[in-house]
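**Q** Here you go, input.cif (mmCIF, C-alpha atoms):
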data_protein
loop_
_atom_site.label_atom_id
_atom_site.label_comp_id
_atom_site.auth_asym_id
_atom_site.auth_seq_id
_atom_site.Cartn_x
_atom_site.Cartn_y
_atom_site.Cartn_z
CA MET M 1 0.00 0.00 0.00
CA ALA M 2 1.38 3.40 -0.98
CA GLU M 3 1.56 5.74 1.98
CA ARG M 4 3.48 8.94 2.42
CA TYR M 5 4.52 10.55 5.68
CA SER M 6 6.39 13.85 5.72
CA SER M 7 6.78 16.76 8.12
CA PHE M 8 6.90 19.22 5.22
CA ALA M 9 4.29 20.66 2.90
CA PRO M 10 5.51 19.48 -0.52
CA GLY M 11 6.50 22.32 -2.83
CA GLY M 12 7.52 24.90 -0.20
CA THR M 13 10.96 26.51 0.01
CA GLY M 14 11.69 24.72 3.32
CA TRP M 15 10.68 21.43 1.76
CA LEU M 16 12.95 21.98 -1.27
CA LEU M 17 15.98 23.18 0.75
CA GLN M 18 15.57 20.25 3.16
CA ARG M 19 15.81 17.85 0.23
CA LEU M 20 18.65 19.64 -1.55
CA THR M 21 20.72 19.71 1.65
CA ALA M 22 19.80 16.04 2.23
CA GLY M 23 21.27 15.06 -1.14
CA PHE M 24 24.55 16.84 -0.28
CA LEU M 25 24.66 15.53 3.30
CA ILE M 26 24.16 11.90 2.27
CA VAL M 27 27.48 12.04 0.43
CA VAL M 28 29.45 14.27 2.84
CA LEU M 29 28.30 12.63 6.09
CA ALA M 30 29.23 9.20 4.71
CA PHE M 31 32.62 10.62 3.56
CA HIS M 32 33.21 12.25 6.99
CA PHE M 33 32.45 9.03 8.90
CA PHE M 34 34.55 6.94 6.53
CA LEU M 35 37.56 9.30 6.60
CA LEU M 36 37.64 9.78 10.38
CA HIS M 37 36.79 6.27 11.53
CA PHE M 38 38.05 3.93 8.83
CA VAL M 39 40.84 5.72 6.91
CA ASN M 40 42.07 7.65 9.97
CA HIS M 41 40.94 6.27 13.33
CA ALA M 42 39.26 8.79 15.63
CA ALA M 43 41.59 7.73 18.46
CA ASP M 44 44.61 8.82 16.38
CA VAL M 45 43.30 12.32 15.64
CA THR M 46 45.78 15.08 16.53
CA PHE M 47 45.79 18.85 16.11
CA LEU M 48 48.54 18.65 13.48
CA GLY M 49 46.71 15.89 11.56
CA SER M 50 43.46 17.88 11.55
CA ALA M 51 45.40 21.02 10.57
CA ASP M 52 46.97 19.18 7.62
CA ARG M 53 43.53 18.16 6.34
CA MET M 54 42.07 21.63 6.88
CA ALA M 55 45.01 23.24 5.04
CA GLN M 56 43.68 21.70 1.82
CA THR M 57 41.32 24.21 0.24
CA GLY M 58 38.94 21.56 -1.10
CA TYR M 59 38.64 19.91 2.32
CA PHE M 60 38.20 23.28 4.09
CA VAL M 61 35.43 24.37 1.68
CA THR M 62 33.73 20.96 1.95
CA MET M 63 33.78 21.13 5.77
CA ILE M 64 32.34 24.67 5.80
CA LEU M 65 29.56 23.60 3.40
CA PHE M 66 29.04 20.50 5.57
CA LEU M 67 28.67 22.72 8.65
CA VAL M 68 26.20 25.11 7.01
CA THR M 69 24.05 22.47 5.31
CA ALA M 70 24.01 20.16 8.36
CA THR M 71 23.01 23.07 10.61
CA PHE M 72 20.22 24.13 8.25
CA HIS M 73 18.99 20.57 7.68
CA GLY M 74 19.08 19.67 11.38
CA VAL M 75 17.55 22.85 12.75
CA ASN M 76 14.92 23.05 9.99
CA GLY M 77 14.05 19.43 10.77
CA VAL M 78 13.66 20.22 14.48
CA TYR M 79 11.51 23.28 13.66
CA ASN M 80 9.21 21.27 11.41
CA ALA M 81 8.98 18.44 13.95
CA LEU M 82 7.82 21.00 16.52
CA LEU M 83 5.25 22.38 14.03
CA ASN M 84 3.96 18.83 13.69
CA GLN M 85 3.52 18.72 17.46
CA GLY M 86 1.16 21.68 17.19
CA LEU M 87 3.44 24.70 17.72
CA THR M 88 1.61 27.85 16.61
CA GLY M 89 1.37 31.64 17.09
CA ARG M 90 3.81 33.44 19.38
CA SER M 91 5.45 30.21 20.55
CA ARG M 92 6.17 29.38 16.92
CA GLN M 93 7.78 32.77 16.32
CA ALA M 94 9.80 32.52 19.55
CA VAL M 95 11.06 29.01 18.72
CA LYS M 96 11.90 30.11 15.18
CA GLY M 97 13.96 33.02 16.57
CA VAL M 98 15.80 30.87 19.12
CA LEU M 99 16.62 28.22 16.52
CA ALA M 100 17.83 30.85 14.05
CA ILE M 101 20.16 32.37 16.68
CA ALA M 102 21.41 28.92 17.75
CA SER M 103 22.13 28.08 14.10
CA LEU M 104 24.03 31.29 13.56
CA LEU M 105 26.13 30.76 16.72
CA LEU M 106 26.90 27.18 15.71
CA ILE M 107 28.04 28.23 12.23
CA VAL M 108 30.18 31.08 13.60
CA GLN M 109 31.81 28.74 16.14
CA GLY M 110 32.36 26.06 13.49
CA VAL M 111 34.04 28.55 11.15
CA ARG M 112 36.22 29.81 14.04
CA LEU M 113 37.46 26.32 14.83
CA ALA M 114 38.04 25.50 11.15
CA LEU M 115 40.13 28.68 10.81
CA ALA M 116 42.02 27.82 14.01
CA LEU M 117 42.93 24.45 12.50
CA GLN M 118 43.97 26.20 9.31
CA GLY M 119 46.27 28.48 11.28
CA GLY M 120 44.25 31.65 10.94
CA ALA M 121 42.40 31.79 14.25
CA LEU M 122 39.94 34.67 14.80
CA MET F 123 -3.21 16.22 -4.40
CA SER F 124 -0.57 13.69 -5.27
CA ARG F 125 -1.52 10.08 -5.69
CA ALA F 126 0.56 9.19 -2.66
CA ASN F 127 -1.60 11.31 -0.38
CA GLU F 128 -4.98 10.07 -1.53
CA GLY F 129 -7.52 8.20 0.49
CA TYR F 130 -5.83 7.46 3.79
CA ASP F 131 -7.21 8.62 7.12
CA ARG F 132 -4.33 7.53 9.30
CA GLY F 133 -5.06 9.76 12.27
CA LEU F 134 -2.28 11.67 14.01
CA ILE F 135 1.10 9.98 14.00
CA GLU F 136 1.99 12.31 16.89
CA ASP F 137 -0.51 10.34 19.00
CA PHE F 138 2.17 7.88 20.07
CA GLY F 139 -0.29 5.95 22.23
CA ARG F 140 -1.52 4.39 18.96
CA TRP F 141 1.86 2.78 18.32
CA ARG F 142 0.41 -0.73 18.09
CA GLU F 143 -1.56 0.40 15.03
CA PHE F 144 1.42 1.98 13.27
CA SER F 145 2.42 0.68 9.85
CA ALA F 146 5.96 0.41 8.40
CA GLY F 147 5.84 3.92 6.93
CA MET F 148 4.84 5.40 10.28
CA TRP F 149 7.69 3.60 12.06
CA ALA F 150 10.06 4.91 9.37
CA TRP F 151 8.79 8.44 10.08
CA ILE F 152 9.33 8.01 13.84
CA PHE F 153 12.81 6.48 13.44
CA HIS F 154 13.78 9.25 11.03
CA LYS F 155 12.64 11.89 13.57
CA PHE F 156 14.45 10.17 16.44
CA THR F 157 17.71 9.74 14.53
CA GLY F 158 17.42 13.34 13.30
CA TRP F 159 17.11 14.66 16.87
CA VAL F 160 20.16 12.61 17.92
CA LEU F 161 22.22 13.84 14.96
CA VAL F 162 21.41 17.53 15.46
CA GLY F 163 22.16 17.18 19.18
CA TYR F 164 25.45 15.53 18.34
CA LEU F 165 26.31 18.28 15.82
CA PHE F 166 26.20 20.93 18.57
CA THR F 167 28.21 18.68 20.95
CA HIS F 168 30.75 17.85 18.24
CA ILE F 169 31.44 21.51 17.45
CA ALA F 170 31.73 22.27 21.19
CA VAL F 171 34.34 19.52 21.73
CA LEU F 172 36.30 20.38 18.58
CA SER F 173 36.34 24.05 19.64
CA THR F 174 39.29 23.12 21.86
CA ALA F 175 41.21 23.64 18.58
CA ILE F 176 40.79 27.40 19.08
CA THR F 177 42.81 27.26 22.31
CA ALA F 178 45.22 24.65 20.96
CA GLY F 179 45.97 26.86 17.96
CA SER F 180 47.97 29.23 20.16
CA ALA F 181 50.12 26.45 21.66
CA ASP F 182 53.84 26.39 20.80
CA PRO F 183 55.07 24.08 17.99
CA ALA F 184 56.82 21.68 20.40
CA THR F 185 53.58 21.14 22.37
CA LEU F 186 51.63 20.51 19.15
CA GLN F 187 54.32 18.14 17.85
CA ALA F 188 54.24 16.16 21.12
CA GLY F 189 50.42 16.05 21.01
CA ASN F 190 50.19 17.72 24.40
CA ASP F 191 47.78 20.43 23.24
CA VAL F 192 44.22 20.59 24.62
CA TYR F 193 42.58 19.52 21.30
CA THR F 194 44.64 16.34 20.91
CA GLN F 195 44.45 15.52 24.61
CA THR F 196 40.66 16.01 24.76
CA ILE F 197 40.02 13.76 21.76
CA GLN F 198 42.47 11.07 22.85
CA THR F 199 41.12 11.05 26.42
CA LEU F 200 37.56 10.65 25.14
CA GLU F 201 38.59 7.96 22.65
CA GLY F 202 40.40 6.07 25.43
CA GLN F 203 37.09 5.37 27.17
CA ALA F 204 35.13 2.27 26.21
CA VAL F 205 31.79 4.00 26.81
CA VAL F 206 32.67 6.64 24.19
CA ARG F 207 33.45 3.90 21.65
CA VAL F 208 30.09 2.25 22.37
CA LEU F 209 28.34 5.62 21.93
CA GLU F 210 30.19 6.06 18.63
CA VAL F 211 28.83 2.74 17.40
CA GLY F 212 25.38 4.03 18.39
CA LEU F 213 26.06 7.24 16.49
CA LEU F 214 27.09 5.22 13.44
CA ALA F 215 23.82 3.25 13.63
CA VAL F 216 21.82 6.45 13.87
CA ALA F 217 23.70 8.13 10.99
CA VAL F 218 23.55 5.09 8.68
CA PHE F 219 19.81 4.62 9.23
CA HIS F 220 19.15 8.35 8.70
CA ILE F 221 21.18 8.26 5.44
CA LEU F 222 19.52 5.09 4.10
CA ASN F 223 16.00 6.10 5.09
CA GLY F 224 16.78 9.60 3.76
CA ILE F 225 17.58 8.10 0.34
CA ARG F 226 14.30 6.16 0.59
CA LEU F 227 12.44 9.42 1.38
CA LEU F 228 14.07 11.30 -1.52
CA LEU F 229 13.06 8.50 -3.89
CA THR F 230 9.53 8.48 -2.44
CA ASP F 231 9.27 12.25 -2.98
CA LEU F 232 10.23 11.67 -6.61
CA GLY F 233 7.42 9.12 -6.83
CA LEU F 234 9.83 6.18 -7.08
CA GLY F 235 9.28 2.96 -5.16
CA LEU F 236 5.98 4.02 -3.55
CA GLU F 237 4.57 0.51 -3.84
CA SER F 238 7.57 -0.99 -2.05
CA GLN F 239 8.14 1.74 0.55
CA ASP F 240 7.49 -0.73 3.39
CA ARG F 241 10.05 -3.19 2.03
CA SER F 242 12.61 -0.42 1.47
CA PHE F 243 12.14 0.58 5.14
CA TYR F 244 12.88 -2.98 6.25
CA ALA F 245 15.86 -3.04 3.87
CA SER F 246 17.16 0.19 5.47
CA LEU F 247 16.95 -1.46 8.90
CA VAL F 248 18.69 -4.66 7.81
CA LEU F 249 21.45 -2.80 5.93
CA THR F 250 21.98 -0.48 8.92
CA GLY F 251 22.34 -3.51 11.19
CA ALA F 252 24.80 -5.20 8.81
CA ILE F 253 26.99 -2.09 8.40
CA VAL F 254 27.03 -1.43 12.15
CA VAL F 255 27.92 -5.02 13.08
CA ALA F 256 30.68 -5.08 10.45
CA SER F 257 32.06 -1.78 11.82
CA VAL F 258 32.21 -2.78 15.49
CA PRO F 259 35.79 -4.19 15.33
CA THR F 260 37.07 -0.93 13.78
CA PHE F 261 35.30 1.19 16.39
CA ILE F 262 36.54 -0.73 19.44
CA GLU F 263 40.11 -1.21 18.15
CA GLY F 264 42.76 -0.31 20.71
CA VAL F 265 40.47 0.42 23.65
CA SER F 266 40.72 -1.52 26.91
CA VAL F 267 37.60 -2.20 28.96
#
Show the structure stored in the file as structure tokens.
**A**
Amino acid sequence: MAERYSSFAPGGTGWLLQRLTAGFLIVVLAFHFFLLHFVNHAADVTFLGSADRMAQTGYFVTMILFLVTATFHGVNGVYNALLNQGLTGRSRQAVKGVLAIASLLLIVQGVRLALALQGGAL
Amino acid sequence: MSRANEGYDRGLIEDFGRWREFSAGMWAWIFHKFTGWVLVGYLFTHIAVLSTAITAGSADPATLQAGNDVYTQTIQTLEGQAVVRVLEVGLLAVAVFHILNGIRLLLTDLGLGLESQDRSFYASLVLTGAIVVASVPTFIEGVSV
């Protein structure tokens, strides 16, 4: 039997961005897990090893895009899950504001640490 | 209205007390939500832990070379604990299921595989289990209980 369950109204901007970021994250999350658990073991991670990876422009750009898309996808998912639970009106606006600020702080902190690994700490 | 949305009065999936009546698609929805919450929670924690790199970045070269900086020490201390390795296996399970079920959802949104969406959910579960079991030796390598 064909059934469809989704937290998003099909066709909306949030719906589209959630799916576009999903397509990117499928590849990058799998790459991230594989690189840092199978190619390099997490237990062997050092500052200099991380700095070497982050010094490569392609890796740095990929990690920044990973940070931004994962933050959007995760926080937008949380927001829509809360809408499903019946969040409306002022509470909805307040939650939206808090999540937007949390996202911005996370991205700023992520960029700061990526730059620190690259040798250009803010 | 799309064909996929026609003709089903399923009631509210948020009414978790009805869990005995849930079908495969509803369980997939719940598991996807749960794994999503775990992953977004981990994302914030991950960035917080890795932020030790900001302090470590000002350490002298000899300290960095010896691995005595706060970033390296924090990661290696965490990785030295068996409970962290077990949690990492859990994180792998959560991430793999979210990826596989996410592919299933993207295909469903494109109208592909609607008639076998229940079987593709079961396949996601089985494949997640297989990948996680096969990865356990790598994840627990070098840790003493």
**Q** When the cut-off is 6 Å and we count all atoms listed in the file, which residues of chain F are near chain M, given as an mmCIF file with C-alpha atoms, keeping the file's coordinate frame?
**A**
data_model
loop_
_atom_site.group_PDB
_atom_site.id
_atom_site.type_symbol
_atom_site.label_atom_id
_atom_site.label_comp_id
_atom_site.auth_asym_id
_atom_site.auth_seq_id
_atom_site.Cartn_x
_atom_site.Cartn_y
_atom_site.Cartn_z
ATOM 1 C CA ALA F 126 0.560 9.190 -2.660
ATOM 2 C CA VAL F 162 21.410 17.530 15.460
ATOM 3 C CA SER F 173 36.340 24.050 19.640
ATOM 4 C CA ALA F 175 41.210 23.640 18.580
ATOM 5 C CA ILE F 176 40.790 27.400 19.080
ATOM 6 C CA GLY F 179 45.970 26.860 17.960
ATOM 7 C CA THR F 194 44.640 16.340 20.910
ATOM 8 C CA GLN F 198 42.470 11.070 22.850
ATOM 9 C CA GLU F 201 38.590 7.960 22.650
ATOM 10 C CA ILE F 221 21.180 8.260 5.440
ATOM 11 C CA LEU F 236 5.980 4.020 -3.550
ATOM 12 C CA GLU F 237 4.570 0.510 -3.840
#
**Q** My list of candidates is F:Trp159, F:Phe166, F:Phe261, F:Phe243. Which is closest to Thr230 in chain F when distances are computed with only C-alpha atoms?
**A** F:Phe243
**Q** So the first atom is CA of Gln239 in chain F and the second is CA of Phe31 in chain M; what is the distance between them in Å, to one decimal place?
**A** 26.2 Å
**Q** Between F:Val254, F:Ile262, F:Ala204, F:Leu247, which residue has the minimum interatomic distance to Trp149 in chain F, considering all atoms listed in the file?
**A**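 Checking each candidate against Trp149 in chain F, we get F:Leu247 as the closest.
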**Q** Smallest atom-to-atom distance to Leu104 in chain M: which of M:Val68, M:Thr88, M:Val39, M:Met63, using only C-alpha atoms?
**A**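 Between M:Val68, M:Thr88, M:Val39, M:Met63, the residue approaching Leu104 in chain M most closely is M:Val68.
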**Q** Excluding His220 in chain F and its own-chain neighbours fewer than 4 positions away, which residues fall within 8 Å of it when counting all atoms listed in the file? Please give them as an MDAnalysis selection string.
**A** chainID F and resid 154 157:158 216 224
**Q** Counting only C-alpha atoms, figure out which residue out of F:Gly251, F:Gly139, F:Pro259, F:Gly264 gets nearest to Val218 in chain F.
**A**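 So, comparing all the options, the nearest one is F:Gly251.
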**Q** Using all atoms listed in the file, can you tell me which of F:Ile152, F:Tyr193, F:His168, F:Asp231 comes closest to Ser180 in chain F?
**A** F:Tyr193
**Q** Kindly give the distance, in Å, that separates CA of Ala256 in chain F and CA of Gln195 in chain F, rounded to a single decimal.
**A** 28.5 Å
